[in-house]
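S.K.: I am attaching a structure below and will ask some questions about it afterwards.
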Amino acid sequence: MLAVFEYHLVNYRRTWRGSALSSLVLPLLTMLGFGVGVGSYVTGGVEGVSYLDWIVPGLIASTAMQTAIGESTWPVLSAFEWLKTYFAQAAAPLRVTDILGGHLAFMLFRVLISAAAFLAIAGAFGTLHSWWSPVALVVAVLVGLSVAAPTAAYAATITSDSYLAILLRFAVLPMSLFSGVFFPVESLPVVLRWIAYALPLWHGVDLSRDAILGLNPGWLGLVHAAYLIAWCAAGCWLAHRRYRRRLVI
Amino acid sequence: MTSLIRARGLVKRFGDFTAVDGIDVDVRRGEAFGFLGPNGAGKSSTMRMIGCVSPPTGGVLEILGLDPVRDGPRIRAKLGVCPQLDNLDIELTVRENLTTYARFFGIPRRTARRRADELLEFVQLGERADSKVEPLSGGMKRRLTIARALVNEPEIVLLDEPTTGLDPQARHLVWERLFRLKQQGVTLVLTTHYMDEAEQLCDRLVVMDGGRIAASGSPRELISEYSTREVVELRFNAESQEPYASKLEGVGERLEVLPDRVLLYVADGDAAVAEVNRRSLSPASVLVRRSSLEDVFLHLTGRTLVD
């Protein structure tokens with residue numbers, strides 16, 4: 001599994017500059033756009049803090065989700081359909097678990113990097129309220145796996161990338177909008193609120209916000225964590241099944 | 001242990017479709033063994049079972065004395081696989097393709113680097129070590145895939161149609177490298193539908209058709225068993241070659257009428273031509289040639305196109 005992770009790192013070494021730059025620029029622009037732009041309209045703040053301070057934790061969780069989606073869609077489809085690199089790996093003495101696990105580990109590594117970059121920029125802008133803030137990175141990784149694993153399972157099932165557009169439009173976009181990143185889920189109609197509760201991101205957003213704003217999550221924190229872990233476990237199980245069906249036939 | 005690969009009644013089914021229908025195979029150490037057959041004959045399915053990425057549906061399969069279902073990773077550690085379609089990493093450099101792959105076998109980085117450089121020399125890609133894979137020609141990519149299959153110093157190398165799609169120069173270079181590997185004692189198992197490739201490389205081969213083994217032996221044995229020593233190809237200037245069949249009765253051991261020519265399978269080509277002339281049939285062109293594996297192949301698997 002480590003060798004597969006290492007392989008993805010070698011692959012990443014050639015593109016890391018661009019991707020590292022974008023993982024710094026994105027939060028920077030967000031700080032300016034939302035903090036200075038949108039923030040000046042939300043004069044009363046949200047739940048007792050300024051709008052910028054309120055959305056930063058959610059954006060970190062959301063960035064984790066976006067990175068995880070990016071790494072578990074086209075790269076997985078390509079490894080099965082276009083470059084067929086998974087099949088080359090399957091011919092070596094690796095198990096399906098190694099091939100999947102090594103790739104997921106790399107996806108989480110990317111998630112961690114982009115979340116950490118965001119957290120660092122947020123710190124520089126003074127939007128972190130608590131020493132618990134680094135816990136948001138753990139939450140980011142959890143959110144990352146909870147979406148990357150099921151998405152990889154989905155990408156292993158399809159043969160054309162037009163299905164990925166469906167996923168982005170009907171799952172990822174609503175999840176980013178309705179998961180309490182930009183406004184509290186309580187402002188949503190009940191039906192949409194339940195969509196937020198069902199998908200993994202909102203749980204991560206809430207945990208991340210508690211960590212960075214220094215709030216006590218209470219028993220709901222445990223529910224969030226358990227729910228995310230359940231998504232991770234189900235996603236990994238499903239992905240393993242799908243990978244196995246493709247690689248061992 | 002006499003056979004590196006031993007199959008008895010090996011079967012592979014996909015749903016209702018039987019790709020491999022009970023074959024017996026023995027591959028001995030150090031030989032080059034070929035699977036010949038038209039498309040859909042079951043060659044690739046057999047190779048995938050031997051490569052331990054496809055569990056057999058029935059029968060017995062032993063590779064290096066191990067069970068491919070239970071000991072897959074252990075067997076794959078000693079195999080080199082060169083798939084039909086190159087699955088190289090086009091974004092990595094030529095050398096990185098070998099070093100990252102070596103890591104999958106648990107080979108230490110330093111060893112991997114040294115071995116990569118040796119192998120790149122072996123397949124004549126030493127000068128391209130640091131270039132990307134994408135701009136390489138088809139022949140170069142194929143050689144790199146072969147080099148990658150050798151990175152773990154395998155006991156058996158599996159090659160699925162190793163020279164399909166290559167130009168003649170590239171094919172000859174690949175053959176020459178494979179021949180050298182064989183001389184070094186590496187066991188080669190390959191599939192091909194090129195008869196010249198089989199005659200060049202294989203000590204023994206089986207001809208597969210419809211998932212079964214139609215014939216097996218060395219190229220020479222197969223030719224003497226299923227064909228004659230020589231073949232006379234006659235072309236007549238006529239609408240149809242068919243009427244000449246009866247007139248050529250008894251000239252050869254066997255006779256085959258094709259849309260554009262008649263083939264006579266004979267022991268002595270010149271004697272047969274003399275007989276044709278004696279019957280004053282005056283063909284437009286006459287060609288006497290040695291029987292080849294292609295004659296055996298077409299005789300056994302038929303001339304009808306299967307796709």
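Chain labels run A, B, ... following the order of the structure tokens; each chain numbers its residues from 1, and ligands are numbered from 1 in the order shown.
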Name the residues in contact with Gly58 in chain A at a cut-off of 8 Å, using only C-alpha atoms, excluding same-chain residues fewer than 6 positions from it; report them as a list in words.

M.R.: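 Near Gly58 in chain A, the qualifying residues are Gly180, Val181, Phe182, Gly204, Val205, Asp206, Ser208 and Arg209 of chain A.
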
S.K.: Mind writing the picked residues with C-alpha atoms as a short mmCIF file (atom, residue, chain, number, x, y, z; two decimals), in the first residue's frame?

M.R.:
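New file again_5.cif:
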data_model
loop_
_atom_site.label_atom_id
_atom_site.label_comp_id
_atom_site.auth_asym_id
_atom_site.auth_seq_id
_atom_site.Cartn_x
_atom_site.Cartn_y
_atom_site.Cartn_z
CA GLY A 180 -24.13 25.31 6.22
CA VAL A 181 -20.94 26.67 4.68
CA PHE A 182 -22.30 30.07 3.64
CA GLY A 204 -17.87 18.19 8.89
CA VAL A 205 -18.74 21.87 8.61
CA ASP A 206 -20.36 21.86 12.02
CA SER A 208 -14.93 22.30 11.93
CA ARG A 209 -16.80 25.40 13.11
#

S.K.: If we count only C-alpha atoms, what is near Gln66 in chain A at a cut-off of 12 Å, once residues fewer than 3 positions away on the same chain are taken out, given as a ChimeraX atom specification?

M.R.: /A:23,26,59-63,69-73,107-108,110-112,114-115,140-141,143-148,151,168,171-173,175-176,201

S.K.: For chain A, which residues have at least one atom within 6 Å of chain B, if we go by only C-alpha atoms? Write them as a list in words, please.

M.R.: Ala3, Tyr7, Leu83, Lys84, Thr85, Ala92, Pro93, Val248 and Ile249 of chain A

S.K.: Find the residues around range 260-266 of chain B up to 9 Å (only C-alpha atoms counted), leave out those fewer than 6 positions away in its own chain, and share them as a list in words.

M.R.: Ser227, Thr228, Arg229, Glu230, Val231, Val232, Glu233, Leu234, Arg235, Phe236, Ser240, Gln241, Glu242, Tyr244, Ala245, Leu248, Val251, Gly252, Glu253, Arg254, Ala272 and Ser291 of chain B

S.K.: Convert the current residue selection to file output with N, CA and C atoms, as a PDB file, in the first residue's frame.

M.R.:
ATOM      1  N   SER B 227       0.309 -30.299 -42.063  1.00  0.00           N
ATOM      2  CA  SER B 227       0.449 -29.786 -43.416  1.00  0.00           C
ATOM      3  C   SER B 227       1.429 -30.701 -44.150  1.00  0.00           C
ATOM      4  N   THR B 228       1.733 -30.361 -45.387  1.00  0.00           N
ATOM      5  CA  THR B 228       2.722 -31.119 -46.139  1.00  0.00           C
ATOM      6  C   THR B 228       4.012 -30.319 -46.157  1.00  0.00           C
ATOM      7  N   ARG B 229       5.054 -30.927 -46.754  1.00  0.00           N
ATOM      8  CA  ARG B 229       6.337 -30.235 -46.716  1.00  0.00           C
ATOM      9  C   ARG B 229       6.281 -28.941 -47.544  1.00  0.00           C
ATOM     10  N   GLU B 230       5.597 -29.042 -48.706  1.00  0.00           N
ATOM     11  CA  GLU B 230       5.552 -27.879 -49.585  1.00  0.00           C
ATOM     12  C   GLU B 230       4.133 -27.561 -50.014  1.00  0.00           C
ATOM     13  N   VAL B 231       3.970 -26.332 -50.472  1.00  0.00           N
ATOM     14  CA  VAL B 231       2.672 -25.882 -50.955  1.00  0.00           C
ATOM     15  C   VAL B 231       2.874 -25.266 -52.338  1.00  0.00           C
ATOM     16  N   VAL B 232       2.001 -25.630 -53.281  1.00  0.00           N
ATOM     17  CA  VAL B 232       2.031 -25.014 -54.606  1.00  0.00           C
ATOM     18  C   VAL B 232       0.803 -24.109 -54.726  1.00  0.00           C
ATOM     19  N   GLU B 233       1.060 -22.869 -55.040  1.00  0.00           N
ATOM     20  CA  GLU B 233      -0.042 -21.922 -55.222  1.00  0.00           C
ATOM     21  C   GLU B 233      -0.228 -21.660 -56.712  1.00  0.00           C
ATOM     22  N   LEU B 234      -1.416 -21.995 -57.218  1.00  0.00           N
ATOM     23  CA  LEU B 234      -1.699 -21.820 -58.654  1.00  0.00           C
ATOM     24  C   LEU B 234      -2.772 -20.762 -58.832  1.00  0.00           C
ATOM     25  N   ARG B 235      -2.567 -19.892 -59.799  1.00  0.00           N
ATOM     26  CA  ARG B 235      -3.574 -18.874 -60.136  1.00  0.00           C
ATOM     27  C   ARG B 235      -3.998 -19.093 -61.575  1.00  0.00           C
ATOM     28  N   PHE B 236      -5.288 -19.216 -61.780  1.00  0.00           N
ATOM     29  CA  PHE B 236      -5.783 -19.409 -63.150  1.00  0.00           C
ATOM     30  C   PHE B 236      -6.521 -18.166 -63.601  1.00  0.00           C
ATOM     31  N   SER B 240     -13.763 -18.164 -62.149  1.00  0.00           N
ATOM     32  CA  SER B 240     -13.758 -18.916 -60.900  1.00  0.00           C
ATOM     33  C   SER B 240     -12.648 -19.951 -60.957  1.00  0.00           C
ATOM     34  N   GLN B 241     -12.048 -20.205 -59.806  1.00  0.00           N
ATOM     35  CA  GLN B 241     -10.989 -21.203 -59.741  1.00  0.00           C
ATOM     36  C   GLN B 241     -11.601 -22.596 -59.540  1.00  0.00           C
ATOM     37  N   GLU B 242     -12.888 -22.583 -59.189  1.00  0.00           N
ATOM     38  CA  GLU B 242     -13.571 -23.812 -58.790  1.00  0.00           C
ATOM     39  C   GLU B 242     -13.453 -24.962 -59.803  1.00  0.00           C
ATOM     40  N   TYR B 244     -11.238 -25.898 -61.633  1.00  0.00           N
ATOM     41  CA  TYR B 244      -9.923 -26.541 -61.710  1.00  0.00           C
ATOM     42  C   TYR B 244      -9.733 -27.600 -60.636  1.00  0.00           C
ATOM     43  N   ALA B 245     -10.609 -27.564 -59.643  1.00  0.00           N
ATOM     44  CA  ALA B 245     -10.454 -28.512 -58.539  1.00  0.00           C
ATOM     45  C   ALA B 245     -10.462 -29.951 -59.039  1.00  0.00           C
ATOM     46  N   LEU B 248      -7.429 -30.998 -60.991  1.00  0.00           N
ATOM     47  CA  LEU B 248      -6.185 -31.157 -60.230  1.00  0.00           C
ATOM     48  C   LEU B 248      -6.245 -32.343 -59.273  1.00  0.00           C
ATOM     49  N   VAL B 251      -3.279 -34.652 -57.571  1.00  0.00           N
ATOM     50  CA  VAL B 251      -1.916 -34.106 -57.714  1.00  0.00           C
ATOM     51  C   VAL B 251      -1.240 -34.003 -56.348  1.00  0.00           C
ATOM     52  N   GLY B 252      -1.994 -33.501 -55.361  1.00  0.00           N
ATOM     53  CA  GLY B 252      -1.403 -33.353 -54.017  1.00  0.00           C
ATOM     54  C   GLY B 252      -2.141 -34.185 -53.006  1.00  0.00           C
ATOM     55  N   GLU B 253      -1.652 -34.141 -51.772  1.00  0.00           N
ATOM     56  CA  GLU B 253      -2.340 -34.858 -50.705  1.00  0.00           C
ATOM     57  C   GLU B 253      -3.663 -34.199 -50.390  1.00  0.00           C
ATOM     58  N   ARG B 254      -3.677 -32.853 -50.546  1.00  0.00           N
ATOM     59  CA  ARG B 254      -4.871 -32.105 -50.209  1.00  0.00           C
ATOM     60  C   ARG B 254      -4.905 -30.900 -51.125  1.00  0.00           C
ATOM     61  N   ALA B 272       4.937 -31.755 -58.423  1.00  0.00           N
ATOM     62  CA  ALA B 272       3.530 -31.415 -58.583  1.00  0.00           C
ATOM     63  C   ALA B 272       3.347 -30.455 -59.752  1.00  0.00           C
ATOM     64  N   SER B 291       5.910 -25.231 -46.630  1.00  0.00           N
ATOM     65  CA  SER B 291       4.735 -25.104 -45.779  1.00  0.00           C
ATOM     66  C   SER B 291       5.115 -24.294 -44.547  1.00  0.00           C
TER      67      SER B 291
END

S.K.: Compile the contact shell of Leu298 in chain B as a list of chain:residue names: residues with an atom at most 12 Å away, counting only C-alpha atoms, same-chain residues fewer than 2 positions apart removed.

M.R.: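 In the requested form, the answer reads B:Leu36, B:Gly37, B:Pro38, B:His193, B:Tyr194, B:Met195, B:Val207, B:Met208, B:Asp209, B:Ala214, B:Ile223, B:Tyr226, B:Ser227, B:Glu256, B:Ser291, B:Ser292, B:Leu293, B:Glu294, B:Asp295, B:Val296, B:Leu300, B:Thr301, B:Gly302, B:Arg303, B:Thr304, B:Leu305.
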
S.K.: I'd like to know which of A:Val56, A:Leu21, A:Ala136, A:Ile99 is closest to Phe34 in chain A, using only C-alpha atoms.

M.R.: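 Using only C-alpha atoms, Phe34 in chain A sits closest to A:Val56.
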
S.K.: Going by DSSP on the backbone, which bits of range 37-283 of chain B are helix (DSSP H, G or I)? Write them as an NGL selection string, please.

M.R.: :B and (43-50 or 72-76 or 94-104 or 109-122 or 126-128 or 138-149 or 168-183 or 195-201 or 219-226 or 244-247 or 269-278)

S.K.: Expressed in Å to a single decimal, how great is the separation between CA of Ala211 in chain A and CA of Thr43 in chain A?

M.R.: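 Taking CA of Ala211 in chain A as the start and CA of Thr43 in chain A as the end point, the length is 23.6 Å.
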
S.K.: Write out as a ChimeraX atom specification each polymer residue whose atoms come within 12 Å of Ala226 in chain A, counting only C-alpha atoms; drop sequence neighbours fewer than 3 positions from it.

M.R.: /A:139,142-143,146,200,203-204,207,219-223,229-233

S.K.: Neighbouring residues of Val189 in chain B were defined as those with any atom within 12 Å, considering only C-alpha atoms; residues of the same chain fewer than 6 positions away were excluded. Please report them as a count of residues only.

M.R.: 44
